[in-house]
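File shown here: data-v2.cif, holding mmCIF, C-alpha atoms.
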data_target
loop_
_atom_site.label_atom_id
_atom_site.label_comp_id
_atom_site.auth_asym_id
_atom_site.auth_seq_id
_atom_site.Cartn_x
_atom_site.Cartn_y
_atom_site.Cartn_z
CA MET A 5 0.00 0.00 0.00
CA LYS A 6 1.30 3.38 -0.96
CA ASN A 7 1.60 6.07 1.66
CA PHE A 8 -1.20 8.56 1.72
CA ARG A 9 1.03 11.42 0.59
CA ASP A 10 1.51 9.61 -2.74
CA ILE A 11 -2.24 9.09 -3.10
CA GLU A 12 -2.89 12.75 -2.40
CA ASN A 13 -0.38 13.73 -5.03
CA LEU A 14 -1.84 11.28 -7.55
CA SER A 15 -5.27 12.76 -6.95
CA ALA A 16 -3.90 16.27 -7.42
CA LEU A 17 -2.06 15.18 -10.56
CA LEU A 18 -5.34 14.07 -12.12
CA ASP A 19 -6.75 17.53 -11.45
CA GLU A 20 -3.59 19.22 -12.75
CA GLN A 21 -3.09 20.86 -9.39
CA LEU A 22 0.55 19.83 -8.94
CA ASN A 23 3.43 22.07 -9.93
CA GLU A 24 5.55 21.13 -12.92
CA SER A 25 8.46 19.54 -11.09
CA GLU A 26 6.22 17.42 -8.84
CA SER A 27 4.19 16.32 -11.85
CA LYS A 28 7.28 15.20 -13.73
CA ARG A 29 8.61 13.29 -10.75
CA LEU A 30 5.30 11.52 -10.11
CA LYS A 31 4.77 10.66 -13.77
CA ALA A 32 8.23 9.09 -13.85
CA ARG A 33 7.36 7.02 -10.78
CA LEU A 34 4.05 5.93 -12.33
CA GLU A 35 5.88 4.40 -15.27
CA SER A 36 8.01 2.21 -13.04
CA ASP A 37 5.66 1.54 -10.10
CA ARG A 38 2.71 -0.74 -11.03
CA GLU A 39 1.00 -0.39 -7.66
CA LEU A 40 1.07 3.38 -7.89
CA ASP A 41 -0.28 3.16 -11.41
CA SER A 42 -3.16 0.97 -10.19
CA VAL A 43 -4.09 3.50 -7.51
CA SER A 44 -3.94 6.23 -10.12
CA ASN A 45 -6.33 4.23 -12.31
CA ASP A 46 -8.74 3.83 -9.40
CA LEU A 47 -8.77 7.53 -8.68
CA SER A 48 -9.15 8.34 -12.33
CA PHE A 49 -12.03 5.88 -12.59
CA VAL A 50 -13.96 7.61 -9.82
CA ARG A 51 -13.21 11.03 -11.20
CA ASN A 52 -14.41 10.10 -14.69
CA LEU A 53 -17.48 8.36 -13.34
CA LEU A 54 -18.48 11.44 -11.36
CA HIS A 55 -18.09 13.51 -14.51
CA LEU A 56 -20.62 11.18 -16.10
CA LEU A 57 -23.30 12.17 -13.63
CA PRO A 58 -25.98 13.98 -15.58
CA LYS A 59 -26.32 17.68 -14.87
CA ARG A 60 -29.89 18.19 -13.82
CA LYS A 61 -31.72 21.25 -14.97
CA SER A 62 -33.22 23.11 -12.05
CA PRO A 63 -36.88 22.12 -11.80
CA LYS A 64 -37.98 25.73 -11.39
CA ASN A 65 -36.68 29.25 -11.51
CA PHE A 66 -35.24 30.35 -8.20
CA THR A 67 -35.50 34.07 -8.95
CA LEU A 68 -36.39 36.13 -5.93
CA THR A 69 -39.33 38.45 -5.39
CA ARG A 70 -39.11 41.58 -3.26
CA GLN A 71 -41.36 39.99 -0.68
CA MET A 72 -39.03 37.01 -0.37
CA VAL A 73 -36.07 39.17 0.54
CA GLY A 74 -38.12 41.60 2.65
CA LEU A 75 -37.50 44.66 0.49
CA LYS A 76 -39.77 47.64 1.15
CA PRO A 77 -41.04 49.94 -1.61
CA PRO A 78 -39.01 53.14 -2.09
CA LEU A 79 -40.96 56.05 -0.59
CA PRO A 80 -41.07 59.56 -2.11
CA LYS A 81 -38.90 62.32 -0.69
CA THR A 82 -41.92 64.07 0.85
CA TYR A 83 -42.62 61.09 3.07
CA PRO A 84 -40.18 62.04 5.87
CA PHE A 85 -41.75 65.52 6.03
CA PHE A 86 -45.20 64.06 6.56
CA ARG A 87 -43.86 61.67 9.14
CA LEU A 88 -42.10 64.41 11.07
CA ALA A 89 -45.13 66.71 10.92
CA THR A 90 -47.43 63.93 12.08
CA VAL A 91 -45.22 62.93 14.97
CA PHE A 92 -44.72 66.54 16.04
CA ALA A 93 -48.43 67.36 15.84
CA THR A 94 -49.32 64.21 17.74
CA LEU A 95 -46.86 65.03 20.51
CA LEU A 96 -48.20 68.56 20.76
CA PHE A 97 -51.76 67.29 20.82
CA VAL A 98 -50.98 64.84 23.61
CA PHE A 99 -49.12 67.50 25.58
CA THR A 100 -51.75 70.23 25.28
CA PHE A 101 -54.60 67.85 25.91
CA SER A 102 -52.90 66.37 28.97
CA VAL A 103 -52.07 69.78 30.42
CA ASN A 104 -55.65 70.93 30.01
CA ALA A 105 -57.01 67.74 31.48
CA LEU A 106 -54.74 68.02 34.52
CA SER A 107 -55.17 71.78 35.13
CA PRO A 108 -58.22 71.48 37.49
CA PHE A 109 -56.14 69.33 39.83
CA VAL A 110 -53.00 71.49 39.85
CA SER A 111 -53.08 75.21 40.84
CA PHE A 112 -50.47 76.81 38.65
CA ASN A 113 -51.01 80.40 39.99
CA ALA A 114 -50.80 79.80 43.74
CA PRO A 115 -47.02 80.16 44.07
CA GLN A 116 -47.14 83.36 42.04
CA PHE A 117 -49.61 84.91 44.55
CA SER A 118 -47.51 84.11 47.57
CA PHE A 119 -44.73 86.21 46.14
CA GLY A 120 -47.05 88.88 44.70
CA ILE A 121 -47.82 92.57 45.60
CA GLY A 122 -49.37 91.73 48.94
CA GLY A 123 -46.11 90.22 49.96
CA GLY A 124 -45.55 87.65 52.66
CA GLY A 125 -49.18 86.58 52.79
CA GLY A 126 -50.31 82.99 52.97
CA GLY A 127 -48.42 80.06 51.72
CA ALA A 128 -48.78 78.33 48.43
CA GLY A 129 -51.97 76.64 49.46
CA ALA A 130 -53.67 79.79 50.75
CA PRO A 131 -56.71 80.86 48.78
CA ALA A 132 -56.24 83.92 46.66
CA VAL A 133 -59.25 85.69 48.22
CA GLN A 134 -57.34 86.10 51.47
CA GLU A 135 -54.91 88.37 49.69
CA ALA A 136 -57.62 91.00 49.20
CA PRO A 137 -57.16 92.82 52.63
CA ALA A 138 -53.52 93.43 51.86
CA THR A 139 -54.55 95.20 48.72
CA GLU A 140 -57.09 97.25 50.67
CA GLU A 141 -54.41 98.38 53.09
CA ALA A 142 -52.36 99.63 50.24
CA LEU A 143 -55.32 101.57 48.93
CA MET A 144 -55.92 103.14 52.35
CA GLN A 145 -52.36 104.30 52.62
CA GLU A 146 -52.62 105.92 49.24
CA SER A 147 -55.91 107.68 50.08
CA ALA A 148 -54.84 109.03 53.48
CA PRO A 149 -52.92 112.08 52.19
CA ALA A 150 -55.91 113.05 50.12
CA GLU A 151 -58.14 113.31 53.24
CA ALA A 152 -55.54 115.42 55.06
CA MET A 153 -55.46 118.07 52.33
CA PRO A 154 -57.56 121.26 52.78
CA GLU A 155 -60.67 121.57 50.65
CA SER A 156 -59.53 124.82 49.15
CA THR A 157 -59.51 124.04 45.54
CA GLU A 158 -62.03 122.42 43.30
CA VAL A 159 -59.46 120.06 42.04
CA THR A 160 -58.72 118.70 45.47
CA ARG A 161 -62.45 118.45 46.18
CA ILE A 162 -63.05 116.39 43.12
CA ALA A 163 -60.07 114.29 43.96
CA ALA A 164 -61.42 113.78 47.44
CA GLU A 165 -64.80 112.78 46.07
CA GLU A 166 -63.20 110.26 43.74
CA THR A 167 -61.11 108.80 46.53
CA PRO A 168 -63.00 106.12 48.43
CA THR A 169 -63.81 106.91 52.05
CA GLN A 170 -62.76 104.76 54.98
CA LYS A 171 -66.30 103.38 55.16
CA GLU A 172 -66.30 102.54 51.56
CA ILE A 173 -63.00 100.76 52.01
CA GLU A 174 -64.21 98.89 55.05
CA THR A 175 -67.38 97.80 53.26
CA PRO A 176 -66.34 97.10 49.73
CA SER A 177 -68.91 97.48 47.02
CA GLN A 178 -70.78 94.56 45.59
CA ASP A 179 -68.83 94.84 42.30
CA SER A 180 -65.46 94.51 43.97
CA VAL A 181 -66.65 91.54 46.03
CA ASP A 182 -67.84 89.87 42.86
CA GLY A 183 -64.48 90.55 41.29
CA TYR A 184 -62.62 88.85 44.11
CA GLN A 185 -64.99 85.91 44.05
CA ASN A 186 -64.43 85.53 40.34
CA GLN A 187 -60.66 85.44 40.67
CA PRO A 188 -60.28 81.69 41.46
CA GLN A 189 -62.54 80.78 38.54
CA VAL A 190 -60.18 82.59 36.14
CA GLU A 191 -57.24 80.56 37.48
CA ASN A 192 -58.93 77.22 36.76
CA GLU A 193 -59.55 77.95 33.09
CA ALA A 194 -57.77 75.74 30.44
CA LEU A 195 -54.24 76.82 29.60
CA PHE A 196 -54.56 75.95 25.91
CA SER A 197 -57.53 76.83 23.82
CA SER A 198 -59.60 73.98 22.53
CA ASN A 199 -59.12 75.33 18.99
CA LEU A 200 -55.38 74.82 19.29
CA ILE A 201 -55.79 71.28 20.56
CA PHE A 202 -58.27 70.52 17.85
CA THR A 203 -55.86 71.88 15.23
CA PHE A 204 -53.11 69.58 16.45
CA LEU A 205 -55.49 66.66 16.35
CA ILE A 206 -56.55 67.46 12.79
CA ILE A 207 -52.91 67.80 11.67
CA SER A 208 -52.10 64.43 13.25
CA ILE A 209 -54.97 62.67 11.56
CA LEU A 210 -54.35 64.30 8.18
CA GLY A 211 -50.64 63.47 8.43
CA ALA A 212 -51.38 59.84 9.23
CA ILE A 213 -53.81 59.58 6.33
CA SER A 214 -51.29 61.20 3.97
CA MET A 215 -48.60 58.77 5.06
CA PHE A 216 -50.92 55.83 4.51
CA VAL A 217 -51.89 57.05 1.02
CA ILE A 218 -48.23 57.67 0.08
CA ARG A 219 -47.23 54.20 1.24
CA GLN A 220 -50.08 52.54 -0.64
CA ASN A 221 -49.29 54.46 -3.84
CA ALA A 222 -45.61 53.56 -3.55
CA LYS A 223 -46.48 49.91 -3.01
CA ARG A 224 -48.87 49.88 -5.98
CA LYS A 225 -46.31 51.51 -8.28
CA TRP A 226 -43.62 49.13 -7.05
CA GLN A 227 -45.64 46.04 -7.76
CA MET B 30 -23.39 38.79 -19.16
CA ASP B 31 -21.30 41.41 -17.38
CA GLU B 32 -21.03 39.61 -14.06
CA ILE B 33 -19.14 42.35 -12.22
CA ALA B 34 -21.66 45.02 -13.22
CA LEU B 35 -24.53 42.79 -12.14
CA ILE B 36 -22.86 42.08 -8.80
CA ASN B 37 -22.26 45.81 -8.25
CA SER B 38 -25.90 46.59 -8.99
CA ALA B 39 -27.06 43.77 -6.73
CA GLN B 40 -24.85 45.14 -3.96
CA LYS B 41 -26.76 48.42 -4.30
CA GLY B 42 -30.01 46.51 -3.78
CA ASP B 43 -31.01 45.92 -7.40
CA LEU B 44 -32.96 42.67 -7.25
CA ASP B 45 -33.33 42.39 -11.02
CA SER B 46 -29.56 42.24 -11.44
CA PHE B 47 -29.33 39.57 -8.79
CA ASN B 48 -32.10 37.60 -10.50
CA THR B 49 -30.05 37.66 -13.71
CA LEU B 50 -27.18 36.14 -11.76
CA ILE B 51 -29.56 33.55 -10.31
CA LEU B 52 -30.71 32.50 -13.78
CA HIS B 53 -27.11 32.01 -14.78
CA TYR B 54 -26.08 29.96 -11.74
CA GLN B 55 -29.25 28.21 -10.62
CA ASP B 56 -28.49 24.91 -12.37
CA SER B 57 -25.04 24.64 -10.77
CA VAL B 58 -26.35 25.61 -7.37
CA PHE B 59 -29.28 23.20 -7.58
CA ASN B 60 -27.04 20.33 -8.73
CA THR B 61 -24.63 20.97 -5.88
CA ALA B 62 -27.47 20.93 -3.36
CA LEU B 63 -28.94 17.82 -4.96
CA ARG B 64 -25.68 15.88 -4.78
CA ILE B 65 -24.95 16.95 -1.22
CA LEU B 66 -28.45 16.31 0.09
CA GLY B 67 -29.48 13.48 -2.24
CA ASP B 68 -33.10 14.59 -2.24
CA ASP B 69 -34.85 16.69 -4.87
CA ASP B 70 -37.25 18.57 -2.59
CA GLN B 71 -34.64 19.32 0.03
CA ALA B 72 -32.26 20.46 -2.70
CA GLN B 73 -34.88 22.90 -4.00
CA ASP B 74 -35.43 24.30 -0.51
CA ALA B 75 -31.71 24.63 0.11
CA THR B 76 -31.19 26.33 -3.26
CA GLN B 77 -33.91 28.86 -2.57
CA GLU B 78 -32.57 29.50 0.93
CA ALA B 79 -29.08 29.90 -0.48
CA PHE B 80 -30.16 32.53 -3.02
CA ILE B 81 -32.11 34.50 -0.41
CA SER B 82 -29.16 34.38 1.95
CA ALA B 83 -26.78 35.32 -0.88
CA PHE B 84 -28.82 38.40 -1.77
CA GLN B 85 -29.00 39.49 1.84
CA SER B 86 -25.27 39.16 2.31
CA ILE B 87 -24.04 40.14 -1.15
CA LYS B 88 -22.51 43.32 0.27
CA SER B 89 -19.99 41.10 2.02
CA PHE B 90 -18.74 39.82 -1.36
CA ARG B 91 -15.33 41.40 -1.87
CA GLY B 92 -14.47 40.17 -5.34
CA GLY B 93 -12.86 36.94 -6.52
CA SER B 94 -14.82 33.98 -7.77
CA PHE B 95 -18.52 34.70 -7.45
CA LYS B 96 -19.30 31.06 -8.20
CA ALA B 97 -17.13 29.93 -5.27
CA TRP B 98 -18.81 32.49 -3.00
CA LEU B 99 -22.24 31.29 -4.14
CA MET B 100 -21.24 27.66 -3.62
CA ARG B 101 -20.20 28.47 -0.08
CA THR B 102 -23.69 29.87 0.52
CA VAL B 103 -25.38 26.78 -0.87
CA THR B 104 -23.02 24.49 1.03
CA ASN B 105 -23.95 26.28 4.25
CA ALA B 106 -27.65 25.96 3.39
CA CYS B 107 -27.14 22.23 2.79
CA TYR B 108 -25.32 21.81 6.12
CA ASP B 109 -28.19 23.62 7.85
CA GLU B 110 -30.61 21.23 6.20
CA LEU B 111 -28.53 18.21 7.23
CA ARG B 112 -28.34 19.50 10.81
CA ARG B 113 -32.10 19.99 10.81
CA GLN B 114 -32.53 16.40 9.63
CA LYS B 115 -30.25 15.22 12.40
CA ARG B 116 -32.24 17.11 15.04
CA LYS B 117 -35.60 15.99 13.68
CA PRO B 118 -34.95 12.77 11.84
CA THR B 119 -37.73 11.65 9.58
CA ILE B 120 -39.01 8.17 10.24
CA PRO B 121 -38.82 6.11 7.07
CA LEU B 122 -41.56 3.70 6.19
CA GLU B 123 -40.23 0.39 7.36
CA PRO B 124 -40.76 -2.59 5.08
CA GLU B 125 -43.03 -5.31 6.34
CA THR B 126 -43.19 -9.04 5.86
CA ASN B 127 -46.26 -10.71 4.36
CA ASP B 128 -47.55 -11.24 7.89
CA GLY B 129 -47.45 -7.51 8.55
CA ASP B 130 -44.40 -7.63 10.83
CA GLU B 131 -41.78 -4.99 10.41
CA ILE B 132 -38.47 -6.18 9.01
CA ASP B 133 -35.92 -5.64 11.76
CA SER B 134 -33.40 -3.70 9.74
CA PRO B 135 -34.73 -1.39 7.06
CA LYS B 136 -31.11 -0.66 6.26
CA TRP B 137 -31.46 -3.07 3.36
CA LEU B 138 -32.31 -0.01 1.29
CA ALA B 139 -28.76 1.22 1.64
CA ASP B 140 -27.01 -2.06 2.06
CA LYS B 141 -23.78 -2.30 0.11
CA ASN B 142 -24.16 -6.08 -0.07
CA MET B 143 -27.26 -6.10 -2.22
CA THR B 144 -28.00 -9.23 -4.23
CA PRO B 145 -27.31 -9.00 -7.97
CA ALA B 146 -31.04 -9.04 -8.68
CA GLN B 147 -31.66 -6.09 -6.36
CA LYS B 148 -28.75 -4.25 -7.83
CA ALA B 149 -30.14 -4.74 -11.30
CA GLU B 150 -33.35 -3.21 -10.08
CA ALA B 151 -31.62 -0.35 -8.38
CA ASP B 152 -32.46 2.24 -10.97
CA GLU B 153 -29.45 3.43 -12.85
CA LEU B 154 -25.88 4.36 -12.47
CA GLU B 155 -26.85 7.75 -11.16
CA HIS B 156 -28.60 6.27 -8.16
CA ALA B 157 -25.63 4.05 -7.46
CA ILE B 158 -23.26 6.98 -7.49
CA GLN B 159 -25.61 9.05 -5.36
CA HIS B 160 -25.85 6.16 -2.94
CA CYS B 161 -22.07 6.10 -2.61
CA LEU B 162 -21.93 9.88 -2.24
CA ASP B 163 -24.50 9.71 0.54
CA ASP B 164 -22.26 7.27 2.38
CA LEU B 165 -19.45 9.80 2.54
CA PRO B 166 -19.03 12.14 5.51
CA ASN B 167 -20.49 15.59 4.74
CA GLU B 168 -17.19 17.39 4.38
CA PHE B 169 -15.81 14.74 1.99
CA ARG B 170 -19.00 14.76 -0.05
CA THR B 171 -18.93 18.53 -0.39
CA VAL B 172 -15.38 18.53 -1.70
CA VAL B 173 -16.11 15.78 -4.22
CA VAL B 174 -19.26 17.48 -5.44
CA LEU B 175 -17.53 20.83 -5.88
CA ALA B 176 -14.35 19.48 -7.48
CA ASP B 177 -15.51 16.49 -9.52
CA ILE B 178 -19.12 17.32 -10.31
CA GLN B 179 -18.97 21.11 -10.50
CA GLY B 180 -15.46 21.08 -11.93
CA MET B 181 -14.13 23.79 -9.63
CA ASP B 182 -10.40 24.08 -9.04
CA TYR B 183 -8.88 23.51 -5.60
CA SER B 184 -8.63 27.20 -4.70
CA GLU B 185 -12.33 27.73 -5.48
CA VAL B 186 -13.26 24.64 -3.50
CA ALA B 187 -11.16 25.96 -0.61
CA ILE B 188 -13.10 29.27 -0.71
CA ALA B 189 -16.44 27.48 -0.96
CA SER B 190 -15.64 25.07 1.87
CA LYS B 191 -13.72 27.56 4.04
CA VAL B 192 -10.86 25.08 4.56
CA PRO B 193 -7.18 25.28 3.56
CA LEU B 194 -5.99 24.07 0.19
CA GLY B 195 -4.02 21.18 1.73
CA THR B 196 -7.15 19.92 3.44
CA ILE B 197 -9.03 20.00 0.14
CA LYS B 198 -6.33 17.94 -1.50
CA SER B 199 -6.38 15.39 1.30
CA ARG B 200 -10.18 15.16 1.56
CA LEU B 201 -10.56 14.75 -2.18
CA ALA B 202 -8.06 11.87 -2.30
CA ARG B 203 -9.73 10.12 0.64
CA ALA B 204 -13.20 10.66 -0.77
CA ARG B 205 -12.19 9.23 -4.16
CA LEU B 206 -10.74 6.14 -2.51
CA ARG B 207 -13.89 5.58 -0.49
CA LEU B 208 -16.06 6.06 -3.55
CA ARG B 209 -13.95 3.57 -5.43
CA GLU B 210 -14.58 0.98 -2.74
CA CYS B 211 -18.29 1.67 -2.70
CA LEU B 212 -18.66 1.60 -6.47
CA ARG B 213 -17.06 -1.82 -6.72
CA SER B 214 -20.39 -3.27 -5.58
CA PHE B 215 -22.19 -1.68 -8.54
CA GLU B 216 -19.95 -2.94 -11.30
CA GLU B 217 -22.76 -4.35 -13.44
CA LEU B 218 -24.36 -0.94 -13.55
CA LEU B 219 -21.24 0.71 -14.88
CA PRO B 220 -20.84 1.54 -18.56
CA ALA B 221 -18.88 -1.08 -20.56
CA SER B 222 -15.67 0.94 -20.71
CA PHE B 223 -15.64 1.32 -16.94
CA ARG B 224 -16.39 -2.35 -16.40
CA LEU B 225 -13.43 -3.36 -18.52
CA HIS B 226 -11.30 -1.05 -16.49
CA THR B 227 -12.40 -2.54 -13.19
CA GLU B 228 -11.85 -6.08 -14.44
CA LYS B 229 -8.38 -5.06 -15.52
CA ALA B 230 -7.77 -3.51 -12.13
CA LYS B 231 -8.66 -6.76 -10.39
#

Output the file's structure as structure tokens, nothing else.
Amino acid sequence: MKNFRDIENLSALLDEQLNESESKRLKARLESDRELDSVSNDLSFVRNLLHLLPKRKSPKNFTLTRQMVGLKPPLPKTYPFFRLATVFATLLFVFTFSVNALSPFVSFNAPQFSFGIGGGGGGAGAPAVQEAPATEEALMQESAPAEAMPESTEVTRIAAEETPTQKEIETPSQDSVDGYQNQPQVENEALFSSNLIFTFLIISILGAISMFVIRQNAKRKWQ
Amino acid sequence: MDEIALINSAQKGDLDSFNTLILHYQDSVFNTALRILGDDDQAQDATQEAFISAFQSIKSFRGGSFKAWLMRTVTNACYDELRRQKRKPTIPLEPETNDGDEIDSPKWLADKNMTPAQKAEADELEHAIQHCLDDLPNEFRTVVVLADIQGMDYSEVAIASKVPLGTIKSRLARARLRLRECLRSFEELLPASFRLHTEKAK
């Protein structure tokens, strides 16, 4: 039995994969060595037999469709704009709607009042109506010099008439009371107008519809 | 066919260009799969899988022999199929006796020591060769199919099999010797010229 190195070389010789010097050497050995020649014949026999195997024609075409390879239709250049606009409008809609929905539960103006004109009044949770006396005090201080002035001139008289008296200040008119009572209601109003929210909603919906139509058109054209 | 231009287009995502390449290579790819797997349906599945995989990874093709690169893809698809078979082996229909009892060893289908009558019935030479190919270990079979059936040179086979050139040389020699042994039992199926040769070899 020949060593396997010889068999390897014989196999390579049949395929013309040996270099020139190795080929010459092996061919010379084949002429003198019968056993080596027999192995060469065996290898050649198999090689030729395998070449005899019929080449089958493929039973079908293996061409690929876009669906098979998961390709998506090319979208027009306007598509990203619609997508961005839709996402932006949707976010704004969600934000404005949420803020408005939450506004009755959160008093946004309370901290502002605690640091307002009245100064040093109640804390953040104090109702705004309680700030009214502080404002009255300020008004009294402003009106005091007017009372002290002599009623010599018409101008000062008119000014004195226009200035509220102490009684008037102590018992505020019905209008001013109504005004104070209305103040908290103004604070609880929605921060964003419903028109604005509605606009965002419309933009979102229109954007989504546009995107859908663009995608469908692209798909139809592609197919 | 300008293969390089088609490959470049396919690398840019042009499916039509890739389909042109498929039409050119599908017979070779299918035959390779058929000889490695030995089953028509499985070969079709592996071929289709190979082409899908090739398109998805064509950007990784960096030049050289496109056929060798494609053959590597189909070889991988065939190995996947063989592994799947190993994990979930199909249960063959076992032959029964006249009494309805199963014959103990259904291996008779692949028995090398068939009787002459059975051999005569065993289809044609092609089936005999395929039978011997199926008996080879996967890596030997792949090398034989690529080198002797597809006619690829050693360097292409090395690319397709992802093994060094020396290993290809060694595997091919071993595979040919094993095939020779196997084919001895099918002598009467061989063409006359081959039969004369075998008689002479004896």

Residues of chain B near chain A: apply a cut-off of 6 Å, count only C-alpha atoms, and supply the list as an NGL selection string. :B and (48 or 56 or 59 or 77 or 178 or 199 or 202 or 205 or 209)

What would the selection look like, as a list in words, if the PyMOL selection byres ((chain B and resi 66-74) around 8) were run on the coordinates I just shared? Phe59, Asn60, Ala62, Leu63, Arg64, Ile65, Ala75, Thr76, Gln77, Glu78, Cys107, Glu110, Leu111, Gln159 and Asp163 of chain B

Residues matched by the PyMOL selection byres ((chain B and resi 88) around 9), written as a PyMOL selection string: chain B and resi 37+39-41+84-87+89-91

Would you mind exporting C-alpha atoms of the selected residues as a compact mmCIF listing (two decimals), in the frame of the given file?
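Saved file again-v4.txt follows:
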# COMPACT_ATOMS: atom_id res chain seq x y z
CA ASN B 37 -22.26 45.81 -8.25
CA ALA B 39 -27.06 43.77 -6.73
CA GLN B 40 -24.85 45.14 -3.96
CA LYS B 41 -26.76 48.42 -4.30
CA PHE B 84 -28.82 38.40 -1.77
CA GLN B 85 -29.00 39.49 1.84
CA SER B 86 -25.27 39.16 2.31
CA ILE B 87 -24.04 40.14 -1.15
CA SER B 89 -19.99 41.10 2.02
CA PHE B 90 -18.74 39.82 -1.36
CA ARG B 91 -15.33 41.40 -1.87

Tell me, as number ranges by chain, which residues lie within 8 Å of B:Met100, counting only C-alpha atoms; anything in the same chain fewer than 2 positions away does not count. B: 58, 61, 96-98, 102-104, 189

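Atom CA of A:Lys223 lies 23.8 Å from atom CA of B:Phe80.
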
Name the residues that the PyMOL selection byres ((chain A and resi 216-219) around 12) picks from the file above, as a VMD selection string, using the file's chain letters and numbers. chain A and resid 76 to 87 90 209 to 215 220 to 226

If you measure from atom CA of A:Val103 to atom CA of A:Phe204, what distance in Å do you get, rounded to one decimal?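 Taking atom CA of A:Val103 as the start and atom CA of A:Phe204 as the end point, the length is 14.0 Å.
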
Can you measure atom CA of B:Ile51 to atom CA of B:Asp182 for me? One decimal in Å is fine.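 Computing the Euclidean distance for atom CA of B:Ile51 and atom CA of B:Asp182 yields 21.4 Å.
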
Looking at all atoms listed in the file, which of B:Val172, B:Ile197, B:Leu208, B:Val192 is the one that sits closest to B:Ala157? B:Leu208

Check the smallest atom-to-atom distance from each of B:Ser190, B:Ile33, B:Glu185, B:Gly195 to B:Asn105 using all atoms listed in the file, then report the winner.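 So, comparing all the options, the nearest one is B:Ser190.
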